[in-house]
Amino acid sequence: MYTQAMDIPGQQQAAVSASLSPEESGFQACIDSDGRIEPQDWMPEAYRKTLVRQISQHAHSEVVGMLPEGNWISRAPSLKRKAILIAKVQDEGGHGLYLYSAAETLGASREEMIQALNSGKAKYSSIFNYPTLNWADIGVIGWLVDGAAIMNQIPLCRCSYGPYARAMIRVCKEESFHQRQGYEALLVMMRGTPEQKQMVQDAVNRWWWKCLAMFGPPDEDSPHSAQAMKWGIKRISNDELRQKFVDATVPQAKVLGVTLPDPDLKWNDERQHYDFGPIDWQEFWDTVQGNGPCNRERLATRVKAHTDGQWVRDAAVAHAQKQAARAHKEAA
Amino acid sequence: MNTTALKDWPLWEVFIRSKQGLEHKHCGSLHAADAAQALRMARDVYTRRQEGVSIWVVPSANITASNPDNKGELFDPSADKIYRHPTFYDIPDEVGHM
């Protein structure tokens with residue numbers, strides 16, 4: 001799923017010096033010619049740090065992203081929807097694993113990343129700190145949240161860092177099913193009773209603005225974007241991606257038969273884009289800072305799952321050691 | 001909170017043969033306690049949509065890689081040996097495909 005633009009103000013970014021060393025010039029030349037940087041290649045420390053932060057936050061988002069949907073596995077309305085939801089949640093876990101592996105190629109340890117998530121030190125996409133109140137929310141997450149994530153993630157397939165780009169190609173391939181299954185689940189509800197239609201509209205009303213915020217702060221408040229662009233980590237600006245998302249979603253909403261909750265939303269013939277109203281950034285920042293409706297609950301669930309799984313990890317190690325000892329004895 | 005998450009689970013590189021007749025290709029890595037578990041996890045992580053018919057897992061620590069700093073001395077010598085390529089040779093058109 002799921003990334004939001006991660007250039008969050010207040011997070012330290014290592015300084016980049018003005019004059020380039022020979023290594024730095026070679027590195028920048030590689031990126032400028034659309035080359036890829038691989039794990040063993042020389043790279044500026046700030047590039048490495050920025051990527052570790054972004055990729056690990058992205059991985060955390062995938063992992064935490066399993067929680068709001070996981071809540072609905074046992075309450076899915078049919079066996080078909082349950083099987084689909086399980087497959088989707090399993091994909092999110094898989095995406096987290098691809099991304100943790102990519103971050104590890106930069107020297108980050110899995111231990112430290114998990115610790116950073118569980119201790120609350122690391123950020124993850126704030127979209128998961130909102131509750132999933134009814135079944136329509138699950139459809140809307142697929143349609144809008146995954147839809148926004150796809151917009152964000154497709155340019156990352158061309159990221160300058162090879163392992164991240166390759167992980168994103170894999171993720172994007174799997175992501176399309178996530179959006180389509182959500183949209184289809186909503187179509188089914190929209191053919192149902194007035195109450196079911198109302199559930200869909202209500203869920204859209206609650207998620208729409210939060211999805212627009214997923215693209216991150218406006219370009220003028222995005223201090224690290226320029227550097228990320230120069231490094232080939234970011235290819236398209238937050239505002240541009242947000243606009244693409246709005247333009248793609250409005251016709252889909254029409255087919256579905258729902259209204260997007262924005263009185264200012266209208267086609268601008270001159271710009272050839274939809275205009276839309278202002279986003280409540282205060283709410284976004286409050287949630288990023290840990291004060292969203294579900295921040296504590298999500299983290300507590302995650303930590304509990306990790307702690308409850310300790311015996312499995314221990315048992316696997318004990319088993320491996322026993323097998324190794326037995327093989328050693330037979331060989332002797 | 002116990003955070004000894006995967007400390008004792010080594011890293012494995014995963015290679016997948018996408019279909020019979022093709023080579024195994026590197027597709028990523030994962031942590032697992034031993035080879036058997038690495039195979040099982042590779043199946044779940046990398047072949048959920050029939051991406052493969054065969055999996056190799058190799059402990060990452062057992063891979064020896066060339067040093068990117070030696071890229072020049074390792075690979076440049078073949079750059080001036082263009083006579084190793086078939087297009088180096090002029091063959092009259094009437095010979096046809098060769």
# chains A, B, ... in the order shown; residues from 1 in each chain; ligands from 1
>>> interface_residues(of="chain A", to="chain B", cutoff="8 Å", atoms="only C-alpha atoms", output="ChimeraX atom specification")
/A:40-41,94,97-98,101,110-111,114-115,307,310,313,316-317,320
>>> select_by_dssp(residues="chain B", states="alpha helix (DSSP H)", output="list in words")
Ala35, Ala36, Gln37, Ala38, Leu39, Arg40, Met41, Ala42, Arg43, Asp44, Val45, Tyr46, Lys71, Gly72, Glu73, Leu74 and Phe75 of chain B
>>> atom_distance(atom1="atom CA of Pro77 of chain A", atom2="atom CA of Arg180 of chain A")
17.5 Å
>>> closest_residue(among="A:Ala305, A:Val140, A:Val64, A:Ala253", to="Val204 of chain A", atoms="only C-alpha atoms")
A:Val140
>>> atom_distance(atom1="atom CA of Arg36 of chain A", atom2="atom CA of Gly232 of chain A")
9.1 Å
>>> residues_around(residues="Gln153 of chain A", least_positions_apart="5", cutoff="12 Å", atoms="only C-alpha atoms", output="MDAnalysis selection string")
chainID A and resid 1:5 55 58 95 146:148 158:159 164:176 214:215 233:236 238 241
>>> closest_residue(among="A:Pro293, A:Gly277, A:Pro22, A:Pro68", to="Trp209 of chain A", atoms="only C-alpha atoms")
A:Gly277
>>> residues_around(residues="segment 13-26 of chain B", least_positions_apart="4", cutoff="6 Å", atoms="only C-alpha atoms", output="number ranges by chain")
B: 51-58, 60
>>> write_last_selection(atoms="N, CA and C atoms", output="short mmCIF file (atom, residue, chain, number, x, y, z; two decimals), in the first residue's frame")
data_model
loop_
_atom_site.label_atom_id
_atom_site.label_comp_id
_atom_site.auth_asym_id
_atom_site.auth_seq_id
_atom_site.Cartn_x
_atom_site.Cartn_y
_atom_site.Cartn_z
N GLU B 51 4.60 -16.85 -9.14
CA GLU B 51 5.75 -16.24 -9.80
C GLU B 51 6.86 -17.25 -10.05
N GLY B 52 6.75 -18.45 -9.48
CA GLY B 52 7.87 -19.36 -9.62
C GLY B 52 7.48 -20.82 -9.63
N VAL B 53 8.43 -21.63 -10.14
CA VAL B 53 8.26 -23.08 -10.09
C VAL B 53 9.40 -23.72 -9.29
N SER B 54 10.36 -22.90 -8.88
CA SER B 54 11.49 -23.41 -8.11
C SER B 54 12.14 -22.26 -7.36
N ILE B 55 12.61 -22.55 -6.15
CA ILE B 55 13.22 -21.51 -5.31
C ILE B 55 14.59 -21.97 -4.85
N TRP B 56 15.57 -21.09 -4.89
CA TRP B 56 16.84 -21.32 -4.21
C TRP B 56 16.94 -20.31 -3.06
N VAL B 57 17.45 -20.72 -1.93
CA VAL B 57 17.81 -19.76 -0.89
C VAL B 57 19.29 -19.98 -0.54
N VAL B 58 20.00 -18.90 -0.37
CA VAL B 58 21.44 -18.95 -0.09
C VAL B 58 21.73 -18.01 1.06
N SER B 60 23.09 -15.12 2.85
CA SER B 60 23.70 -13.92 2.25
C SER B 60 25.19 -13.85 2.57
#
>>> residues_around(residues="Val188 of chain A", least_positions_apart="6", cutoff="10 Å", atoms="only C-alpha atoms", output="PyMOL selection string")
chain A and resi 196-197+256
>>> write_last_selection(atoms="C-alpha atoms", output="PDB file, in the first residue's frame")
ATOM      1  CA  GLN A 196     -25.846   0.428   2.271  1.00  0.00           C
ATOM      2  CA  LYS A 197     -25.500   3.327  -0.166  1.00  0.00           C
ATOM      3  CA  LEU A 256     -19.807   4.673  -8.370  1.00  0.00           C
TER       4      LEU A 256
END
>>> residues_around(residues="segment 105-108 of chain A", least_positions_apart="4", cutoff="9 Å", atoms="only C-alpha atoms", output="list in words")
Glu38, Pro39, Gln40, Arg48, Lys49, Leu51, Val52, Ser56, Tyr100, Ser101, Glu112, Met113 and Pro163 of chain A
>>> select_by_dssp(residues="segment 162-331 of chain A", states="strand (DSSP E)", output="list in words")
Lys266, Trp267, Asn268, His273, Tyr274 and Asp275 of chain A
>>> write_last_selection(atoms="C-alpha atoms", output="mmCIF file, in the first residue's frame")
data_model
loop_
_atom_site.group_PDB
_atom_site.id
_atom_site.type_symbol
_atom_site.label_atom_id
_atom_site.label_comp_id
_atom_site.auth_asym_id
_atom_site.auth_seq_id
_atom_site.Cartn_x
_atom_site.Cartn_y
_atom_site.Cartn_z
ATOM 1 C CA LYS A 266 -15.028 21.564 -10.070
ATOM 2 C CA TRP A 267 -13.449 21.167 -13.493
ATOM 3 C CA ASN A 268 -11.201 24.044 -14.503
ATOM 4 C CA HIS A 273 -7.622 19.898 -14.076
ATOM 5 C CA TYR A 274 -10.126 19.744 -11.249
ATOM 6 C CA ASP A 275 -9.901 22.550 -8.692
#
>>> atom_distance(atom1="atom CA of Ala122 of chain A", atom2="atom CA of Asn295 of chain A")
12.3 Å
>>> residues_around(residues="Gly120 of chain A", least_positions_apart="6", cutoff="10 Å", atoms="only C-alpha atoms", output="compact mmCIF listing (two decimals) with N, CA and C atoms, in the first residue's frame")
# COMPACT_ATOMS: atom_id res chain seq x y z
N ILE A 114 12.62 -2.38 13.66
CA ILE A 114 11.43 -2.85 14.39
C ILE A 114 11.34 -2.14 15.75
N GLY A 290 1.14 12.15 16.60
CA GLY A 290 0.75 11.08 17.53
C GLY A 290 -0.60 11.27 18.19
N ASN A 295 -3.73 6.43 17.01
CA ASN A 295 -2.27 6.24 17.09
C ASN A 295 -1.89 5.24 18.18
N ARG A 296 -2.42 5.45 19.37
CA ARG A 296 -2.00 4.61 20.50
C ARG A 296 -2.45 3.17 20.31
N LEU A 299 -0.33 1.26 17.63
CA LEU A 299 1.01 0.91 18.10
C LEU A 299 0.95 -0.19 19.15
N ALA A 300 -0.06 -0.08 20.03
CA ALA A 300 -0.19 -1.10 21.08
C ALA A 300 -0.48 -2.46 20.45
N VAL A 303 2.77 -3.78 18.90
CA VAL A 303 3.73 -4.23 19.91
C VAL A 303 3.26 -5.56 20.50
